[in-house]
Each structure stands twice: as structure tokens, then as C-alpha cells.
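Asker: Quick one: the structure is below, questions incoming.
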Amino acid sequence: MAIQELLVNLLERFGLVVAAAFILLSWGAFRKLVLKETTSREKFTLILFFGAFGILGTYAGVPILGAIANVRAMAVITAGLFGGPIVGMGAGLIAGGHRLLIDIGGFSAIPCGLATFLEGLAAGYISVRLKEGVLNWRVAALIGIIGESTHMLIVLALARPFADAWALVKLVSIPMILVNSLGAGLFVEIIRVVLKDRERIGSIQAQKALTIANQTVSHLRSGLNFESAKSAAQIIFNHISVAAVSITDDTHILAFIGAGEDHHRAGQVIQTKSTSKVIKTGKPLFLKDKAKVGCTVAQCPLQSAITVPLRKSKNIVGALKLYGNQDIHLNEIDLQIALGLADLFSTQLELEDIQLKNQMLARAEIRRLQSQINPHFLFNSLNTITSFCRTDPEKARELILEFSRYLRKNIEGNRDFIRIAEELQQIKSYLSLEQARFGGQIEAHVDIEEGCEEWPIPPLIIQPLVENAIKHGLLGQDNAGSIQVEITRHKGELHISVQDDGIGIEPKLVDHLLRKNRLEDHNGGIGIKNINQRLEQIYGPQYRMVMDSRPERGTTVHLRIPRTSSVV
């Protein structure tokens, strides 16, 4: 047989091996096992997989001169590059051991079996050095050339009689080196393409899930109810090619969009056994048989279903369902998207609980601040009013009205948001009492841009700042001083500044007051801490308070309030 003829025969058999490998790698179940971070069990599977293809490469060879020209090396080289030293050595041991033990071509069995083992082992150690660059067809082809050249040298060194070995090597060396190096490169490229395809599918899944999550997050903030479920189900239905989408709690259908909505309706008790099973066990189900979907209506168009649980902490609170029909078939990608969405929804539901607890804590703190009228302020205000009753009854009457307004605002029921005009009225009442008490020692100016009066703000956001400025800023110096409150609008935000020319604050104390930690009393700082943390909870960390203060130079506090809420 001529070298050219042998080369053609090997190329024909090489094509069959590569085609079989591509089909197996394209099989979803096997691909998920092979193309992920490998455990010991999965490495054993890889060894068996590549070892089997090495054996196939032997049987696909061409018997010649008492030996066999084969394409075994491309499988074990790929095994080493892809799986590392253990997988390469294991696959080489299987394929090389088979060549040694099974009588399929006599005098070169030992050197051929040894060479196969060494090729797998060497490729594995090279993969450790190359790391990320290992799945490169050029590297695989180069290893194939070097490995098969070494193979020929081992045959010449160990096979006897030498004349037969020399005749064999002269005939098979070029075809085997070319075909095995080409095969190793192509085999590696096939795996790279499969990996690339998996990454592309993963990217599509992630993009869809993130798009849906971004649009549903605002709805799920209110928890899992009929309104939020309907909005979320509609968004999913608009972005994924499915026949229908359903969201349930643990007993009832909260929303159903798509085919079958004439008899699957929101408010009904859960109808299918599959949904009840998922809620009970917490395990997702992918049902491809209409009978297993479990709808009792014979004309129901739904023929397949993916059901995944929704969790809040460790409790199952509902389920997300995707349906297929005769025209729209569900697949593994839909399952992965459903699982990803369920995780995102479950996280959002947990965050809703945390947010609710934070709101309750914030409201409790507001109530505490509203009910905590400083006894000294109360007695001092009453004493001031009493003194004016003797000297200026009309002024005493005005102060009594301001005092009553101040008390009423502190004891009335709290709300999440109030108009800024209401907060300014509280400040006016407080300032009237303090100015009356200290005479002309305290000057106060409140400037508000026209049109800002109705802007919604959380209650007790400005008044505690004014109170702190007077108590800890102005009254700490001999001649008191002035305080300026300025409120303006800029780029869709309300800008508030409270400025005094008092004794100022040490930098370390400023840092303490603005530090994000639990509320703890520190010279009246609880009001500032509460304001700062509430602003961050309601509007985000970018809206935290900014405080500029220097000892003996006064203090300025800046707040920004976006218009994202309404007064209730």
C-alpha cells in the first residue's frame, strides 16, 4: 500500500470518528456533564469518554505490515488538553492498554500502547502550563506532530525485528503524523465551538432574565399579590416565546396570561397537581406530556409546562409556570430562564420583607421623635409664655397658638410623607418659641422658592436640623447667632440647606454623626442619624446628608430630595 493510499484511508476513518464525537458532544445531557467544572466523578466520565474514542480510533485504523495505522492519538491528546494530567493519563491508559492487550496488530503493540499513554500524559501536563490558552487547535496540532513523531521513534527503539519496524515507520509515519495532528486540532476546535455555543446560550438566558427582572422589580416591591403577579406575568409573556405564563401563591392562581386563560383564571384555587407538587416539594418540574400537566379541561391547549418554586427565606410562597402548546415548544433554555427568574423573584420578595421591616423601624423612630418633647423645652416655653402674659398679653396669645400647633404636630398620627409647607409650619412654631425665650439673640430666616410648598418629604427631616443648630450651635456661644433655611429646586430635585454661624462641630464628631451604624444617642445626634439613615433607605445612598462644619465657623447641612413620592 502506498503512502498516499494509506493517508486517504486514514482520513476517511478519521472523519467517522470526528463525526461521532461531534454528535455526542452536541447531546445536551452529555454536554452539561462534560463542559463544566469537573468533580472527581466527572473526571472519571471524561476518562471513559476519551478512552472509548481512543479505542474507536484504533478500530478505525488500517491494518498494515503486521501492525495498524490508526487515529488513536487525537483522542488522548484532546483528553489531556481538555481534562488535565489525570484525564489524559487515564484516557491514554485505556486506549494504550487496549492496544497492548487486544491482539489486533502484533509486533508493535508494546511501543504503540506506551506511546499512546505518554501522549495523553504529556498533553495533560502541557494543559496545566497553558491554562486558559489550552483549547487552541494550533497547540493541539503541534502536540500531535511531536507526539506521533515520538511514537515513531519509540516503535523504532522497541519493536523487533528492526527491519520490519523501519519498513513500518517509513510507510505510516507521515500519514499518522498528519492525520492525528489534524484530528487533535479539529477535536479541540469542536469542543471550543460547543463551549462557545453554551456561553452564547447562557448570555441569552442572562440577558432575558435581567431584562425581565429590571422591569418586574418595581412591581414585586409590594410583595406577591394579584396586582404585582399580573404585571410580572405580562412582562415575562412579552419577552419569552411561551404559550402562557402563570404565577401562584401557595393556594391560588394570582395571574394567568396567554393560551388557556379562558379557564385558568386569577383567583381560582390551584388546579393542577404538578403545581401543588412543586409547592409541596420545592423541586422544579418540566412536564412534556399534556396528561401530566394535569388540566381537567379536555380542550385545554396547554401541552407542556415548566413549574419552578418561589421562595421567601426558606418558605415556599408560590410558583412560576411557563406553558407550551402545539405551536410553541418548551426547551432546556426555557427551564434555565424560569429557574433564573424564580431566584431573582425570590430574592426580591425577601428584600420586600427587609424593606418593610426597615420602614416599620423608621416609622417607630419617627413616632419616638414625635412623642419625645424635651422637658426643658416644654418648661422653658411655658415659662416664657407666662412672662409675656404679664408684659405683653397679645404676644402671649400668639405664643400659645404656636405652642399648640407645635404640640399637635408632635402627637398626631405619623405619615410616610408630608408637604414641605407642613414641615415649615412646625419649624415656624418652634422658632417663635425659641426667639421669644432668647429675645433678639437668635435670628432666623426661611427662604423657599415659589412652587416648592407642595413637594412631598418624609416628616421630621428639617425641624430636627434647626433644633440641633440652635441647641448645639448658637446657644453654645455668648451672643447666640443666626440660622438660615433655604429651599430651592434644581434638576428635578429639592435642595435644602440649614446653615448657622454657631460654634461648629469637630471633624471627628461630623464623621460619627454621618457614619452608617445603629442609632445611638450622642449629644442629640440621634435626630441627625435618623434623618441620614431614612434618606438613604427611602431614596438610596446617593441622597445621604452632606454636612460641612468647622469649629468656630458654623455648620451647613445639605439635603437633596427627589420627587418620587406623593403625600398620603
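Chain lettering (A, B, ...) mirrors the order of the C-alpha cells, residue numbering begins at 1 for each chain separately, and ligand numbering begins at 1 in order of display.
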Tell me which protein, DNA and RNA residues are within 7 Å of range 58-62 of chain A, counting only C-alpha atoms, leaving out same-chain ones fewer than 5 positions away, and put them as a PyMOL selection string.
Answerer: chain A and resi 10+13+68-72
Asker: Looking only at strand (DSSP E or B) from DSSP on the backbone, list the matching residues of range 115-262 of chain A as a list in words.
Answerer: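 So, restricting range 115-262 of chain A to strand (DSSP E or B), we get Ala244, Val245, Ser246, Ile247, Thr248, Asp249, His252, Ile253, Leu254, Ala255, Phe256, Ile257 and Gly258 of chain A.
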Asker: Give me the residues within 10 Å of Glu467 in chain A as a list in words, counting only C-alpha atoms and dropping any in the same chain fewer than 5 places off.
Answerer: Ile427, Tyr430, Leu431, Glu434, Ile462, His472, Gly473, Gly524 and Gly527 of chain A
Asker: Using only C-alpha atoms, determine which residues lie at most 10 Å from Pro284 in chain A, disregarding the query and same-chain residues fewer than 4 positions distant; provide the list as number ranges by chain.
Answerer: A: 274-275, 277-279, 306-309, 319-321, 335, 338-339
Asker: Please provide the set of residues having any atom within 6 Å of range 167-181 of chain A, restricted to only C-alpha atoms, with same-chain residues fewer than 3 positions apart removed, written as a list in words.
Answerer: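 With the cut-off at 6 Å, the set is Ile3, Leu7, Val71, Ala73, Met74, Ala141, Gly144, Ile145, Glu148, Asp164 and Ala184 of chain A.
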Asker: Find the residues around Gln326 in chain A up to 10 Å (only C-alpha atoms counted), leave out those fewer than 4 positions away in its own chain, and share them as a list in words.
Answerer: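 Here the answer would be Ala243, Pro301, Leu302, Gln303 and Ser304 of chain A.
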